[in-house]
$ cat query-v2.cif   # mmCIF, C-alpha atoms
data_protein
loop_
_atom_site.label_atom_id
_atom_site.label_comp_id
_atom_site.auth_asym_id
_atom_site.auth_seq_id
_atom_site.Cartn_x
_atom_site.Cartn_y
_atom_site.Cartn_z
CA MET A 6 -41.47 -25.44 -4.13
CA ARG A 7 -39.06 -28.21 -3.28
CA THR A 8 -36.93 -27.38 -6.33
CA SER A 9 -36.03 -23.96 -4.92
CA ASN A 10 -35.10 -25.55 -1.57
CA HIS A 11 -32.79 -28.02 -3.25
CA LEU A 12 -31.28 -25.34 -5.46
CA ILE A 13 -30.55 -22.92 -2.65
CA GLY A 14 -29.09 -25.74 -0.57
CA LEU A 15 -26.67 -26.61 -3.38
CA LEU A 16 -25.76 -22.99 -4.07
CA ASN A 17 -25.10 -22.29 -0.40
CA PHE A 18 -22.92 -25.38 -0.12
CA LEU A 19 -20.79 -24.10 -3.01
CA THR A 20 -20.72 -20.64 -1.45
CA PHE A 21 -19.59 -22.18 1.83
CA LEU A 22 -16.61 -23.73 0.02
CA LEU A 23 -15.85 -20.33 -1.53
CA SER A 24 -15.99 -18.66 1.89
CA ILE A 25 -13.30 -21.06 3.16
CA VAL A 26 -10.96 -19.88 0.41
CA ILE A 27 -11.69 -16.20 1.07
CA LEU A 28 -11.36 -16.59 4.85
CA GLY A 29 -8.16 -18.59 4.44
CA GLY A 30 -6.64 -15.79 2.35
CA GLY A 31 -7.46 -13.21 5.01
CA ILE A 32 -6.05 -15.37 7.81
CA TRP A 33 -2.88 -15.99 5.78
CA LEU A 34 -2.36 -12.24 5.38
CA SER A 35 -2.98 -11.71 9.08
CA SER A 36 -0.54 -14.46 10.14
CA ARG A 37 2.38 -12.77 8.39
CA ALA A 38 2.63 -10.10 11.06
CA ASN A 39 6.21 -9.12 10.28
CA SER A 40 5.68 -8.41 6.61
CA THR A 41 2.03 -7.49 6.10
CA ASP A 42 1.58 -4.13 7.85
CA CYS A 43 1.35 -2.54 4.43
CA LEU A 44 -1.32 -5.04 3.39
CA LYS A 45 -3.74 -4.50 6.28
CA PHE A 46 -5.99 -2.54 3.94
CA LEU A 47 -7.02 -5.92 2.51
CA GLN A 48 -6.77 -8.17 5.55
CA TRP A 49 -9.95 -7.32 7.43
CA PRO A 50 -12.29 -6.95 4.44
CA LEU A 51 -11.31 -10.47 3.34
CA ILE A 52 -11.84 -11.91 6.82
CA VAL A 53 -15.18 -10.15 7.36
CA ILE A 54 -16.50 -11.07 3.91
CA GLY A 55 -15.38 -14.70 4.26
CA ALA A 56 -16.83 -15.13 7.76
CA SER A 57 -20.12 -13.46 6.81
CA ILE A 58 -20.58 -15.59 3.72
CA MET A 59 -19.79 -18.71 5.77
CA VAL A 60 -22.50 -17.88 8.36
CA VAL A 61 -25.06 -17.06 5.69
CA SER A 62 -24.24 -20.20 3.73
CA LEU A 63 -24.65 -22.45 6.76
CA ALA A 64 -27.95 -20.82 7.76
CA GLY A 65 -29.28 -20.90 4.22
CA PHE A 66 -28.18 -24.50 3.65
CA ALA A 67 -29.74 -25.76 6.89
CA GLY A 68 -32.89 -23.70 6.45
CA ALA A 69 -33.46 -24.89 2.89
CA CYS A 70 -32.70 -28.55 3.54
CA TYR A 71 -34.65 -28.87 6.79
CA ARG A 72 -37.33 -26.30 5.95
CA ASN A 73 -36.55 -24.44 9.15
CA THR A 74 -38.39 -21.14 9.02
CA PHE A 75 -36.22 -19.44 11.65
CA LEU A 76 -32.95 -20.35 9.90
CA MET A 77 -34.35 -19.19 6.59
CA TRP A 78 -35.41 -15.90 8.21
CA LEU A 79 -31.92 -15.55 9.70
CA TYR A 80 -30.40 -16.33 6.30
CA LEU A 81 -32.44 -13.62 4.57
CA PHE A 82 -31.85 -11.10 7.37
CA VAL A 83 -28.04 -11.49 7.37
CA MET A 84 -27.91 -11.71 3.58
CA PHE A 85 -29.60 -8.33 3.27
CA PHE A 86 -26.91 -6.63 5.36
CA ILE A 87 -24.08 -8.44 3.57
CA ILE A 88 -25.42 -7.22 0.24
CA ALA A 89 -25.71 -3.67 1.60
CA ALA A 90 -22.21 -3.85 3.09
CA LEU A 91 -20.72 -5.14 -0.16
CA ILE A 92 -22.34 -2.36 -2.15
CA GLY A 93 -20.96 0.19 0.31
CA PHE A 94 -17.48 -1.36 0.27
CA ILE A 95 -17.36 -1.47 -3.52
CA ILE A 96 -18.41 2.19 -3.77
CA PHE A 97 -15.89 3.17 -1.08
CA ALA A 98 -13.06 1.21 -2.73
CA TYR A 99 -13.61 2.86 -6.09
CA ALA A 100 -14.04 6.30 -4.51
CA VAL A 101 -10.75 6.23 -2.58
CA THR A 102 -8.79 4.82 -5.53
CA ASP A 103 -10.35 6.98 -8.21
CA LYS A 104 -7.41 9.36 -8.70
CA GLY A 105 -3.77 8.73 -9.41
CA SER A 106 -1.78 6.42 -11.67
CA GLY A 107 1.74 5.95 -12.92
CA ARG A 108 3.21 8.29 -15.53
CA PRO A 109 4.98 6.84 -18.58
CA VAL A 110 8.65 7.70 -19.01
CA LEU A 111 10.21 8.21 -22.44
CA ASN A 112 12.07 5.10 -23.62
CA LYS A 113 11.41 3.26 -20.36
CA GLY A 114 9.39 0.14 -19.71
CA TYR A 115 8.35 1.21 -16.21
CA LEU A 116 6.08 3.95 -14.93
CA GLU A 117 6.97 6.59 -12.36
CA TYR A 118 4.72 7.67 -9.51
CA TYR A 119 4.16 11.16 -8.10
CA LEU A 120 2.47 11.83 -4.78
CA GLN A 121 0.72 14.95 -6.06
CA ASP A 122 -1.26 12.77 -8.48
CA TYR A 123 -3.12 11.22 -5.56
CA SER A 124 -5.60 12.71 -3.13
CA GLY A 125 -8.27 11.78 -0.63
CA TRP A 126 -8.57 9.47 2.34
CA LEU A 127 -6.19 6.79 1.08
CA LYS A 128 -3.38 9.29 0.50
CA ASP A 129 -3.87 10.85 3.94
CA ARG A 130 -3.73 7.40 5.47
CA VAL A 131 -0.48 6.42 3.75
CA VAL A 132 1.42 9.68 4.28
CA ASP A 133 0.57 9.79 8.00
CA GLU A 134 3.95 9.60 9.75
CA SER A 135 3.04 6.83 12.20
CA TYR A 136 1.44 4.70 9.52
CA TRP A 137 4.18 5.35 6.98
CA ALA A 138 6.74 4.10 9.52
CA LYS A 139 4.92 0.76 9.51
CA ILE A 140 4.58 0.66 5.74
CA SER A 141 8.23 1.51 5.05
CA SER A 142 9.29 -1.08 7.62
CA CYS A 143 7.07 -3.62 5.86
CA ILE A 144 8.67 -2.84 2.50
CA ARG A 145 12.18 -3.00 3.96
CA ASP A 146 11.56 -6.30 5.73
CA SER A 147 10.03 -7.84 2.62
CA LYS A 148 13.34 -7.18 0.81
CA VAL A 149 11.41 -6.30 -2.32
CA CYS A 150 14.21 -4.03 -3.52
CA SER A 151 17.00 -6.56 -3.08
CA LYS A 152 14.92 -9.00 -5.13
CA THR A 153 14.96 -6.69 -8.15
CA GLY A 154 18.53 -7.72 -9.03
CA ARG A 155 18.91 -9.87 -12.14
CA THR A 156 21.80 -11.58 -13.87
CA PHE A 157 22.10 -13.17 -17.28
CA ASN A 158 24.66 -15.96 -17.57
CA GLY A 159 26.26 -14.65 -14.40
CA VAL A 160 26.50 -11.10 -15.75
CA PRO A 161 24.43 -8.32 -14.06
CA GLU A 162 21.88 -6.67 -16.30
CA THR A 163 22.82 -3.43 -18.01
CA TYR A 164 21.07 -0.09 -17.67
CA ASP A 165 19.38 -0.55 -21.04
CA MET A 166 18.01 -3.91 -19.93
CA PHE A 167 16.88 -2.46 -16.60
CA SER A 168 15.18 0.46 -18.34
CA MET A 169 12.94 -1.87 -20.33
CA ARG A 170 11.68 -3.77 -17.29
CA LYS A 171 8.07 -3.39 -16.15
CA LEU A 172 8.66 -2.60 -12.50
CA SER A 173 5.91 -2.81 -9.92
CA PRO A 174 4.78 0.52 -8.40
CA ILE A 175 6.77 -0.15 -5.22
CA GLU A 176 9.89 -1.22 -7.13
CA SER A 177 9.71 1.92 -9.26
CA GLY A 178 8.98 4.33 -6.44
CA CYS A 179 11.03 2.90 -3.57
CA CYS A 180 13.98 1.00 -5.04
CA LYS A 181 15.47 3.58 -7.40
CA PRO A 182 15.72 7.38 -7.63
CA PRO A 183 13.34 9.23 -9.97
CA THR A 184 14.62 9.22 -13.54
CA GLU A 185 14.50 13.02 -13.73
CA CYS A 186 17.17 13.23 -11.01
CA GLY A 187 19.83 12.11 -13.48
CA TYR A 188 21.51 9.49 -11.29
CA VAL A 189 24.00 7.14 -12.99
CA TYR A 190 23.12 3.45 -12.92
CA VAL A 191 25.49 1.05 -11.16
CA ASN A 192 23.02 -1.74 -10.42
CA GLU A 193 19.34 -2.02 -9.56
CA THR A 194 19.75 -0.42 -6.11
CA GLN A 195 23.04 1.45 -6.53
CA TRP A 196 22.99 4.82 -8.29
CA ASN A 197 25.68 7.50 -8.32
CA PRO A 198 24.93 11.24 -8.52
CA GLY A 199 25.14 12.62 -12.04
CA SER A 200 24.79 15.97 -13.72
CA GLY A 201 21.51 17.80 -14.09
CA LEU A 202 19.83 16.88 -10.81
CA ALA A 203 16.24 18.10 -10.75
CA ALA A 204 16.34 20.70 -8.01
CA THR A 205 12.54 20.92 -7.95
CA ASN A 206 12.17 17.27 -6.94
CA LEU A 207 13.03 16.80 -3.27
CA ASP A 208 13.32 13.07 -3.77
CA CYS A 209 16.63 13.63 -5.55
CA SER A 210 18.23 14.53 -2.21
CA ARG A 211 16.37 11.81 -0.30
CA TRP A 212 17.87 8.94 -2.29
CA SER A 213 20.56 6.92 -0.52
CA ASN A 214 22.67 3.96 -1.60
CA ASP A 215 22.34 2.63 1.93
CA GLN A 216 20.29 -0.53 1.36
CA GLN A 217 18.32 0.19 4.54
CA MET A 218 17.37 3.64 3.26
CA LEU A 219 17.19 3.73 -0.56
CA CYS A 220 14.13 5.86 -1.38
CA TYR A 221 11.90 4.67 1.47
CA GLN A 222 11.40 8.27 2.64
CA CYS A 223 10.73 9.58 -0.87
CA ASP A 224 7.35 10.87 -1.98
CA SER A 225 7.74 8.59 -4.99
CA CYS A 226 7.79 5.59 -2.63
CA LYS A 227 4.57 6.73 -0.97
CA ALA A 228 3.05 7.22 -4.40
CA GLY A 229 4.23 3.74 -5.40
CA VAL A 230 2.49 2.26 -2.37
CA LEU A 231 -0.68 4.14 -3.30
CA GLY A 232 -0.41 2.79 -6.84
CA SER A 233 0.04 -0.75 -5.51
CA LEU A 234 -2.87 -0.39 -3.10
CA LYS A 235 -5.06 0.93 -5.89
CA LYS A 236 -4.41 -2.20 -7.95
CA SER A 237 -5.08 -4.46 -4.97
CA TRP A 238 -8.30 -2.68 -3.97
CA ARG A 239 -9.55 -2.81 -7.54
CA LYS A 240 -8.88 -6.55 -7.69
CA VAL A 241 -10.78 -7.08 -4.44
CA SER A 242 -13.63 -4.92 -5.75
CA VAL A 243 -13.92 -7.04 -8.91
CA ILE A 244 -14.17 -10.17 -6.76
CA ASN A 245 -16.74 -8.46 -4.56
CA ILE A 246 -18.86 -7.53 -7.57
CA VAL A 247 -18.94 -11.18 -8.67
CA VAL A 248 -19.80 -12.28 -5.13
CA LEU A 249 -22.47 -9.56 -4.91
CA ILE A 250 -24.17 -10.79 -8.08
CA LEU A 251 -24.21 -14.35 -6.74
CA LEU A 252 -25.55 -13.23 -3.38
CA VAL A 253 -28.39 -11.32 -5.02
CA ILE A 254 -29.32 -14.47 -6.95
CA PHE A 255 -29.19 -16.49 -3.75
CA TYR A 256 -31.30 -13.89 -2.00
CA VAL A 257 -34.04 -14.05 -4.63
CA VAL A 258 -34.11 -17.85 -4.52
CA GLY A 259 -34.01 -17.66 -0.72
CA CYS A 260 -37.11 -15.48 -0.67
CA ALA A 261 -38.92 -18.06 -2.79
CA ALA A 262 -37.80 -20.87 -0.48
CA PHE A 263 -38.86 -18.84 2.57
CA ARG A 264 -42.34 -18.42 1.13
CA ASN A 265 -42.46 -22.14 0.53
CA ASN A 266 -41.53 -22.89 4.14
CA LYS A 267 -44.23 -20.53 5.44
CA LYS A 268 -46.82 -22.26 3.27
CA ILE A 269 -45.74 -25.62 4.66
CA ASP A 270 -46.01 -24.26 8.22
CA ASN A 271 -49.54 -23.11 7.39
CA ASP A 272 -50.41 -26.49 5.89
CA GLU A 273 -50.58 -25.02 2.41
CA PRO A 274 -48.55 -27.36 0.19
CA TYR A 275 -47.26 -25.58 -2.87
CA GLY A 276 -48.74 -26.66 -6.19
CA GLU A 277 -51.63 -28.44 -4.58
CA ALA A 278 -55.10 -27.12 -4.07
CA ARG A 279 -56.22 -26.80 -0.45
CA MET A 280 -58.11 -29.93 0.45
CA THR A 281 -61.63 -29.31 1.68
CA LYS A 282 -63.88 -31.61 3.54
CA THR A 283 -66.80 -32.96 1.57
CA GLN A 284 -70.10 -33.99 2.91
CA PRO A 285 -70.75 -37.72 2.61
CA SER A 286 -73.21 -38.43 -0.13
CA ARG A 287 -76.56 -39.80 0.82
CA ILE A 288 -77.44 -43.24 -0.41
CA HIS A 289 -80.92 -43.39 -1.89
CA LEU A 290 -82.64 -46.65 -1.73
#
$ encode --input "query-v2.cif" --output "structure tokens"
Amino acid sequence: MRTSNHLIGLLNFLTFLLSIVILGGGIWLSSRANSTDCLKFLQWPLIVIGASIMVVSLAGFAGACYRNTFLMWLYLFVMFFIIAALIGFIIFAYAVTDKGSGRPVLNKGYLEYYLQDYSGWLKDRVVDESYWAKISSCIRDSKVCSKTGRTFNGVPETYDMFSMRKLSPIESGCCKPPTECGYVYVNETQWNPGSGLAATNLDCSRWSNDQQMLCYQCDSCKAGVLGSLKKSWRKVSVINIVVLILLVIFYVVGCAAFRNNKKIDNDEPYGEARMTKTQPSRIHL
């Protein structure tokens, strides 16, 4: 079955190239230590997945090309656990991001986020005081809120223009007060108290025009982070599903190649009948 050996060698070479991209993305996230604390949910899964695929690809490529039974066995052994780990990670990612999403606001282009809409492990992780200190510091250092400012022909955008923008979950939850609080718009990160503050929403009193404070301690900011993490985890899960499908295909072809290598080791060439010794014919005079 030389065809399967050649095929799995080619597929694993392409997978090796893909693993470099995945591993590079994880290392890039890790290298930005001052601004990626809030992205560490994605850092290690990317690194582990990339490194694992790289090891499997090298073992599978070498085993298929050189018909090395041990490398092919190692390839199949590690591949099995990667497939199992990916299935578990995909299930976990969807389970922890199952609940919660932004709520539409009347006559607004953006959504608003409420902490009570979320639950489970991911919420507990984000609202933990020690971890939230790192996340809020990450958001502050990234200057995401200061980057929301826009001008048109040198003129700052109006409230009506701002209201129609599609803000990211973090921009909506951390960079402005909740709409129900009734604050008066000055600019994207400057809001003055107005009439009709929603007394039931504690975030109304947590908002500050101090650019180092804003709504970083608001529940809406925590909910915005959860909304952002949900989108990121779902994107990673989609990629993992595609990778999982490819790995299953590689695994099936790998099993066929492994059988081929064992037959070669046992002197049983595939597609050829076992040669048997024949008795020399007697010559009759």
$ atom_distance --input "query-v2.cif" --atom1 "CA of Gly31 (chain A)" --atom2 "CA of Leu79 (chain A)"
25.0 Å
$ resolve_selection --input "query-v2.cif" --expression "the PyMOL selection byres ((chain A and resi 21) around 8)" --output "JSON, numbers by chain"
{"A": [17, 18, 19, 20, 22, 23, 24, 25, 58, 59, 62, 63]}
$ write_last_selection --input "query-v2.cif" --atoms "C-alpha atoms" --output "PDB file, keeping the file's coordinate frame"
ATOM      1  CA  ASN A  17     -25.100 -22.290  -0.400  1.00  0.00           C
ATOM      2  CA  PHE A  18     -22.920 -25.380  -0.120  1.00  0.00           C
ATOM      3  CA  LEU A  19     -20.790 -24.100  -3.010  1.00  0.00           C
ATOM      4  CA  THR A  20     -20.720 -20.640  -1.450  1.00  0.00           C
ATOM      5  CA  LEU A  22     -16.610 -23.730   0.020  1.00  0.00           C
ATOM      6  CA  LEU A  23     -15.850 -20.330  -1.530  1.00  0.00           C
ATOM      7  CA  SER A  24     -15.990 -18.660   1.890  1.00  0.00           C
ATOM      8  CA  ILE A  25     -13.300 -21.060   3.160  1.00  0.00           C
ATOM      9  CA  ILE A  58     -20.580 -15.590   3.720  1.00  0.00           C
ATOM     10  CA  MET A  59     -19.790 -18.710   5.770  1.00  0.00           C
ATOM     11  CA  SER A  62     -24.240 -20.200   3.730  1.00  0.00           C
ATOM     12  CA  LEU A  63     -24.650 -22.450   6.760  1.00  0.00           C
TER      13      LEU A  63
END
$ residues_around --input "query-v2.cif" --residues "Ile140 (chain A)" --least-positions-apart "3" --cutoff "7 Å" --atoms "all atoms listed in the file" --output "compact mmCIF listing (two decimals) with C-alpha atoms, in the coordinates of the input"
# COMPACT_ATOMS: atom_id res chain seq x y z
CA ASP A 42 1.58 -4.13 7.85
CA CYS A 43 1.35 -2.54 4.43
CA TYR A 136 1.44 4.70 9.52
CA TRP A 137 4.18 5.35 6.98
CA CYS A 143 7.07 -3.62 5.86
CA ILE A 144 8.67 -2.84 2.50
$ atom_distance --input "query-v2.cif" --atom1 "CA of Leu127 (chain A)" --atom2 "CA of Leu234 (chain A)"
8.9 Å
$ closest_residue --input "query-v2.cif" --among "A:Leu207, A:Cys220, A:Ile92, A:Ala69" --to "Val247 (chain A)" --atoms "all atoms listed in the file"
A:Ile92
$ closest_residue --input "query-v2.cif" --among "A:Ser225, A:Ser237, A:Ser124, A:Ser147" --to "Arg108 (chain A)" --atoms "all atoms listed in the file"
A:Ser225
$ closest_atom_pairs --input "query-v2.cif" --of "region 62-120 of chain A" --to "region 164-167 of chain A" --cutoff "10 Å" --atoms "only C-alpha atoms" --output "Markdown table"
| residue | atom | partner | partner_atom | distance |
| --- | --- | --- | --- | --- |
| A:Asn112 | CA | A:Asp165 | CA | 9.6 |
| A:Lys113 | CA | A:Phe167 | CA | 8.8 |
| A:Gly114 | CA | A:Phe167 | CA | 8.5 |
| A:Tyr115 | CA | A:Phe167 | CA | 9.3 |
$ resolve_selection --input "query-v2.cif" --expression "the PyMOL selection byres ((chain A and resi 190) around 12)" --output "count of residues only"
26
$ residues_around --input "query-v2.cif" --residues "Met77 (chain A)" --least-positions-apart "4" --cutoff "8 Å" --atoms "all atoms listed in the file" --output "PyMOL selection string"
chain A and resi 64-65+68-69+72-73+81+259+263
$ resolve_selection --input "query-v2.cif" --expression "the PyMOL selection byres ((chain A and resi 233) around 12)" --output "ChimeraX atom specification"
/A:43-44,46-47,102,105-107,118,127,131,144,172-179,226-232,234-240
$ atom_distance --input "query-v2.cif" --atom1 "CA of Leu16 (chain A)" --atom2 "CA of Ala262 (chain A)"
12.7 Å
$ closest_residue --input "query-v2.cif" --among "A:Phe66, A:Phe85, A:Tyr119, A:Phe255" --to "Asp224 (chain A)" --atoms "only C-alpha atoms"
A:Tyr119
$ closest_residue --input "query-v2.cif" --among "A:Glu185, A:Val248, A:Lys128, A:Trp78" --to "Thr205 (chain A)" --atoms "only C-alpha atoms"
A:Glu185
$ closest_residue --input "query-v2.cif" --among "A:Lys171, A:Asp146, A:Arg155, A:Leu252" --to "Tyr221 (chain A)" --atoms "all atoms listed in the file"
A:Asp146
$ closest_residue --input "query-v2.cif" --among "A:Pro109, A:Pro50, A:Gly30, A:Gly125" --to "Ile87 (chain A)" --atoms "only C-alpha atoms"
A:Pro50
$ decode --input "query-v2.cif" --residues "region 208-219 of chain A" --atoms "all heavy atoms" --output "PDB file, in the first residue's frame"
ATOM      1  N   ASP A 208     -24.131  49.921  38.411  1.00  0.00           N
ATOM      2  CA  ASP A 208     -23.103  50.433  37.514  1.00  0.00           C
ATOM      3  C   ASP A 208     -23.244  51.938  37.277  1.00  0.00           C
ATOM      4  O   ASP A 208     -22.270  52.595  36.898  1.00  0.00           O
ATOM      5  CB  ASP A 208     -23.157  49.705  36.165  1.00  0.00           C
ATOM      6  CG  ASP A 208     -22.596  48.290  36.250  1.00  0.00           C
ATOM      7  OD1 ASP A 208     -21.965  47.970  37.280  1.00  0.00           O
ATOM      8  OD2 ASP A 208     -22.785  47.520  35.291  1.00  0.00           O
ATOM      9  N   CYS A 209     -24.443  52.466  37.494  1.00  0.00           N
ATOM     10  CA  CYS A 209     -24.647  53.903  37.299  1.00  0.00           C
ATOM     11  C   CYS A 209     -23.767  54.720  38.247  1.00  0.00           C
ATOM     12  O   CYS A 209     -23.272  55.789  37.891  1.00  0.00           O
ATOM     13  CB  CYS A 209     -26.122  54.265  37.510  1.00  0.00           C
ATOM     14  SG  CYS A 209     -27.243  53.477  36.317  1.00  0.00           S
ATOM     15  N   SER A 210     -23.555  54.213  39.452  1.00  0.00           N
ATOM     16  CA  SER A 210     -22.711  54.917  40.419  1.00  0.00           C
ATOM     17  C   SER A 210     -21.243  54.539  40.290  1.00  0.00           C
ATOM     18  O   SER A 210     -20.372  55.204  40.869  1.00  0.00           O
ATOM     19  CB  SER A 210     -23.196  54.626  41.848  1.00  0.00           C
ATOM     20  OG  SER A 210     -23.147  53.227  42.116  1.00  0.00           O
ATOM     21  N   ARG A 211     -20.943  53.497  39.546  1.00  0.00           N
ATOM     22  CA  ARG A 211     -19.558  53.067  39.364  1.00  0.00           C
ATOM     23  C   ARG A 211     -18.868  53.785  38.219  1.00  0.00           C
ATOM     24  O   ARG A 211     -17.638  53.788  38.133  1.00  0.00           O
ATOM     25  CB  ARG A 211     -19.513  51.553  39.117  1.00  0.00           C
ATOM     26  CG  ARG A 211     -19.906  50.722  40.332  1.00  0.00           C
ATOM     27  CD  ARG A 211     -20.105  49.272  39.956  1.00  0.00           C
ATOM     28  NE  ARG A 211     -20.453  48.452  41.120  1.00  0.00           N
ATOM     29  CZ  ARG A 211     -21.098  47.288  41.044  1.00  0.00           C
ATOM     30  NH1 ARG A 211     -21.462  46.805  39.850  1.00  0.00           N
ATOM     31  NH2 ARG A 211     -21.385  46.615  42.142  1.00  0.00           N
ATOM     32  N   TRP A 212     -19.632  54.384  37.332  1.00  0.00           N
ATOM     33  CA  TRP A 212     -19.030  55.082  36.190  1.00  0.00           C
ATOM     34  C   TRP A 212     -18.235  56.285  36.656  1.00  0.00           C
ATOM     35  O   TRP A 212     -18.630  57.014  37.556  1.00  0.00           O
ATOM     36  CB  TRP A 212     -20.099  55.521  35.194  1.00  0.00           C
ATOM     37  CG  TRP A 212     -19.544  56.495  34.182  1.00  0.00           C
ATOM     38  CD1 TRP A 212     -19.667  57.851  34.193  1.00  0.00           C
ATOM     39  CD2 TRP A 212     -18.749  56.170  33.043  1.00  0.00           C
ATOM     40  NE1 TRP A 212     -19.001  58.394  33.120  1.00  0.00           N
ATOM     41  CE2 TRP A 212     -18.425  57.381  32.399  1.00  0.00           C
ATOM     42  CE3 TRP A 212     -18.275  54.968  32.501  1.00  0.00           C
ATOM     43  CZ2 TRP A 212     -17.656  57.432  31.240  1.00  0.00           C
ATOM     44  CZ3 TRP A 212     -17.508  55.017  31.342  1.00  0.00           C
ATOM     45  CH2 TRP A 212     -17.197  56.237  30.732  1.00  0.00           C
ATOM     46  N   SER A 213     -17.090  56.506  36.000  1.00  0.00           N
ATOM     47  CA  SER A 213     -16.246  57.665  36.306  1.00  0.00           C
ATOM     48  C   SER A 213     -15.662  58.210  35.011  1.00  0.00           C
ATOM     49  O   SER A 213     -15.268  57.441  34.123  1.00  0.00           O
ATOM     50  CB  SER A 213     -15.117  57.274  37.270  1.00  0.00           C
ATOM     51  OG  SER A 213     -14.195  58.332  37.420  1.00  0.00           O
ATOM     52  N   ASN A 214     -15.601  59.544  34.922  1.00  0.00           N
ATOM     53  CA  ASN A 214     -14.969  60.173  33.761  1.00  0.00           C
ATOM     54  C   ASN A 214     -13.454  60.129  33.831  1.00  0.00           C
ATOM     55  O   ASN A 214     -12.777  60.530  32.877  1.00  0.00           O
ATOM     56  CB  ASN A 214     -15.445  61.623  33.618  1.00  0.00           C
ATOM     57  CG  ASN A 214     -16.835  61.713  32.993  1.00  0.00           C
ATOM     58  OD1 ASN A 214     -17.230  60.853  32.199  1.00  0.00           O
ATOM     59  ND2 ASN A 214     -17.579  62.742  33.356  1.00  0.00           N
ATOM     60  N   ASP A 215     -12.919  59.685  34.941  1.00  0.00           N
ATOM     61  CA  ASP A 215     -11.475  59.463  35.050  1.00  0.00           C
ATOM     62  C   ASP A 215     -11.095  58.387  34.035  1.00  0.00           C
ATOM     63  O   ASP A 215     -11.599  57.261  34.091  1.00  0.00           O
ATOM     64  CB  ASP A 215     -11.132  59.015  36.471  1.00  0.00           C
ATOM     65  CG  ASP A 215      -9.631  58.835  36.688  1.00  0.00           C
ATOM     66  OD1 ASP A 215      -8.885  58.716  35.692  1.00  0.00           O
ATOM     67  OD2 ASP A 215      -9.212  58.783  37.863  1.00  0.00           O
ATOM     68  N   GLN A 216     -10.193  58.718  33.109  1.00  0.00           N
ATOM     69  CA  GLN A 216      -9.867  57.814  32.015  1.00  0.00           C
ATOM     70  C   GLN A 216      -9.150  56.544  32.495  1.00  0.00           C
ATOM     71  O   GLN A 216      -9.035  55.582  31.731  1.00  0.00           O
ATOM     72  CB  GLN A 216      -9.003  58.537  30.979  1.00  0.00           C
ATOM     73  CG  GLN A 216      -9.710  59.721  30.330  1.00  0.00           C
ATOM     74  CD  GLN A 216     -10.998  59.305  29.633  1.00  0.00           C
ATOM     75  OE1 GLN A 216     -10.975  58.566  28.642  1.00  0.00           O
ATOM     76  NE2 GLN A 216     -12.132  59.784  30.138  1.00  0.00           N
ATOM     77  N   GLN A 217      -8.693  56.556  33.748  1.00  0.00           N
ATOM     78  CA  GLN A 217      -8.091  55.351  34.313  1.00  0.00           C
ATOM     79  C   GLN A 217      -9.117  54.486  35.038  1.00  0.00           C
ATOM     80  O   GLN A 217      -8.794  53.382  35.472  1.00  0.00           O
ATOM     81  CB  GLN A 217      -6.966  55.727  35.289  1.00  0.00           C
ATOM     82  CG  GLN A 217      -5.804  56.442  34.639  1.00  0.00           C
ATOM     83  CD  GLN A 217      -5.123  55.586  33.575  1.00  0.00           C
ATOM     84  OE1 GLN A 217      -4.822  54.419  33.799  1.00  0.00           O
ATOM     85  NE2 GLN A 217      -4.891  56.180  32.407  1.00  0.00           N
ATOM     86  N   MET A 218     -10.337  54.988  35.142  1.00  0.00           N
ATOM     87  CA  MET A 218     -11.395  54.282  35.863  1.00  0.00           C
ATOM     88  C   MET A 218     -12.526  53.865  34.927  1.00  0.00           C
ATOM     89  O   MET A 218     -12.831  52.674  34.812  1.00  0.00           O
ATOM     90  CB  MET A 218     -11.932  55.166  36.991  1.00  0.00           C
ATOM     91  CG  MET A 218     -10.908  55.490  38.056  1.00  0.00           C
ATOM     92  SD  MET A 218     -10.457  54.052  39.040  1.00  0.00           S
ATOM     93  CE  MET A 218     -12.009  53.713  39.856  1.00  0.00           C
ATOM     94  N   LEU A 219     -13.146  54.880  34.266  1.00  0.00           N
ATOM     95  CA  LEU A 219     -14.287  54.647  33.380  1.00  0.00           C
ATOM     96  C   LEU A 219     -15.254  53.659  34.027  1.00  0.00           C
ATOM     97  O   LEU A 219     -15.710  53.870  35.136  1.00  0.00           O
ATOM     98  CB  LEU A 219     -13.788  54.167  32.013  1.00  0.00           C
ATOM     99  CG  LEU A 219     -12.916  55.179  31.246  1.00  0.00           C
ATOM    100  CD1 LEU A 219     -12.456  54.592  29.918  1.00  0.00           C
ATOM    101  CD2 LEU A 219     -13.629  56.500  31.045  1.00  0.00           C
TER     102      LEU A 219
END
